[in-house]
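Comments concern the structure below.
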Amino acid sequence: MQKPSLHLKIAAPRGFCAGVDRAIRIVELALERYGPPVYVRHEIVHNKFVVDRLRGMGAVFVEELDKVPDGVPVVFSAHGVPKSVPAKAQARGLDYLDATCPLVSKVHRQAERMVGKGMQILFVGHEGHPEVIGTFGQVAEGSMQLVETEEDARTVEVANPDNLGFLTQTTLSVDDTAAIIDILKSRFPNIQGPRGEDICYATSNRQAAVKQIAQSCDKMLVIGAPNSSNSRRLAEVAERMDVPSRLVQRASDIDWDWLGEPSCLGVTAGASAPEVLVREVIDAIAERFEVIEEEAEHEPEAMVFKLPRQLVA
């Protein structure tokens with residue numbers, strides 16, 4: 001039986017960003033240098049395939065520092081941690097490596113500077129996300145308020161509108177965040193924000209790449225974990241362009257009944273999804289369709305972040 005033909009549009013850029021690359025490499029190098037086990041507080045990045053591979057190499061993932069025994073190294077995840085976590089590690093004499101994405105660390109420093117000037121901060125982000133928890137943990141309790149939605153932006157109350165700042169989670173929807181910030185600026189004309197965009201280059205680039213291909217696609221598959229904020233945003237971007245989208249962790253998650261027989265299918269991957277999973281999904285599709293692959297044109301991402309000194313010395 002002849003397979004139906006399918007035009008497969010592959011978004012670019014997609015997949016790993018520099019912060020994810022760095023975080024994974026930190027765990028790998030720590031295992032090489034110290035030998036297993038190396039403990040990691042929280043998933044190093046939000047991707048089960050990546051976490052399971054590192055677990056197979058000897059990494060042990062825990063949610064809290066009190067689960068880390070004495071005398072073993074511990075790595076803090078790419079999402080960042082509250083200040084209290086490295087302080088506790090130091091108090092216990094633990095060797096620790098901070099794999100926080102430098103772009104998240106930049107937001108941490110911005111929060112400290114704003115609070116140092118006596119400013120109240122409105123933080124645009126998703127409650128409970130590790131990055132939000134880590135950022136709130138950089139400053140005194142009560143100096144930062146969470147704004148999740150446009151409705152929050154319309155109703156949030158502040159003590160002093162003339163000494164107010166805003167910051168954002170790095171993995172949000174570019175469009176949603178812009179709308180929320182517009183409302184805040186309208187309500188509080190003197191609100192101060194960061195000099196540059198807090199939403200990271202990889203998040204912005206991947207959302208733009210989805211917009212580029214989605215306009216000609218019937219459906220979209222986004223490869224990423226359900227707890228990955230940036231991956232979920234990619235599916236939302238396509239849905240807002242009226243392109244039905246599904247988030248899949250790997251090929252075995254594809255709902256073939258939902259997929260049906262589109263003439264053009266878009267594929268992308270969140271910033272914590274490795275390229276091997278993209279190829280796995282494409283190969284699974286090729287078993288059922290006569291695939292014509294087309295990768296979108298793009299400027300290569302050249303961002304590289306330095307590794308911690310103790311791993312490269």
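Every chain in the structure tokens takes a letter, A first, then B, and so on in the order presented; its residues are numbered from 1, and the ligands are numbered from 1 following the presented order.
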
Using only C-alpha atoms, find each residue of range 117-203 of chain A with at least one atom at most 12 Å away from an atom of range 7-18 of chain A; report its shortest atom-to-atom pair and that distance in Å (one decimal), sort the rows by chain and rising residue number, and return the result as a tab-separated table.
```
residue	atom	partner	partner_atom	distance
A:Thr171	CA	A:Cys17	CA	11.7
A:Cys200	CA	A:Cys17	CA	9.7
A:Tyr201	CA	A:Cys17	CA	8.9
A:Ala202	CA	A:Cys17	CA	6.0
A:Thr203	CA	A:Cys17	CA	8.8
```

**OP:** Would you mind listing what lies within 12 Å of Trp256 in chain A as a list in words, with only C-alpha atoms counted and same-chain residues fewer than 2 positions away left out?
**Re:**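 Contacts, with the query itself left out: Leu221, Arg246, Val248, Ala251, Ser252, Asp253, Ile254, Trp258, Leu259, Gly260, Glu261, Pro262, Val281, Ala284, Ile285, Glu287, Arg288 and Phe289 of chain A.
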
Would you save the residues from that selection as a compact mmCIF listing (two decimals), in the first residue's frame, using C-alpha atoms?
```txt
# COMPACT_ATOMS: atom_id res chain seq x y z
CA LEU A 221 4.33 18.63 16.81
CA ARG A 246 0.56 18.60 20.39
CA VAL A 248 5.25 15.00 22.66
CA ALA A 251 8.02 9.35 19.03
CA SER A 252 6.09 6.86 21.18
CA ASP A 253 3.88 9.74 22.40
CA ILE A 254 2.53 10.62 18.95
CA TRP A 258 -5.06 12.90 16.16
CA LEU A 259 -2.39 13.46 13.52
CA GLY A 260 -4.46 11.94 10.72
CA GLU A 261 -3.09 12.63 7.23
CA PRO A 262 -2.05 16.29 7.05
CA VAL A 281 10.08 11.64 15.69
CA ALA A 284 8.62 7.48 13.05
CA ILE A 285 6.67 9.80 10.76
CA GLU A 287 7.49 4.97 8.52
CA ARG A 288 3.89 6.03 7.84
CA PHE A 289 4.30 8.79 5.25
```

**OP:** Find the residues around Arg53 in chain A up to 12 Å (only C-alpha atoms counted), leave out those fewer than 6 positions away in its own chain, and share them as an MDAnalysis selection string.
**Re:** chainID A and resid 24 27:28 43:44 47 59:61 274

Expected file: the selected residues, C-alpha atoms, as a PDB file, in the first residue's frame:
```pdb
ATOM      1  CA  ILE A  24      24.252  19.118  30.897  1.00  0.00           C
ATOM      2  CA  VAL A  27      26.903  17.235  35.138  1.00  0.00           C
ATOM      3  CA  GLU A  28      28.894  15.164  32.627  1.00  0.00           C
ATOM      4  CA  GLU A  43      16.033  17.999  37.136  1.00  0.00           C
ATOM      5  CA  ILE A  44      19.077  19.581  35.515  1.00  0.00           C
ATOM      6  CA  ASN A  47      13.603  16.654  29.715  1.00  0.00           C
ATOM      7  CA  ALA A  59      23.741  11.273  38.497  1.00  0.00           C
ATOM      8  CA  VAL A  60      21.235  11.193  41.367  1.00  0.00           C
ATOM      9  CA  PHE A  61      18.359  13.671  41.141  1.00  0.00           C
ATOM     10  CA  PRO A 274      17.982  16.983  22.200  1.00  0.00           C
TER      11      PRO A 274
END
```

Subject >> d(CA of Pro69 in chain A, CA of Met57 in chain A) in Å >> reply: 18.5 Å

Original post:
Which residue gives the smallest distance to Val50 in chain A among A:Ala23, A:Val158, A:Met220, A:Val139, with only C-alpha atoms counted?
Top reply: A:Ala23
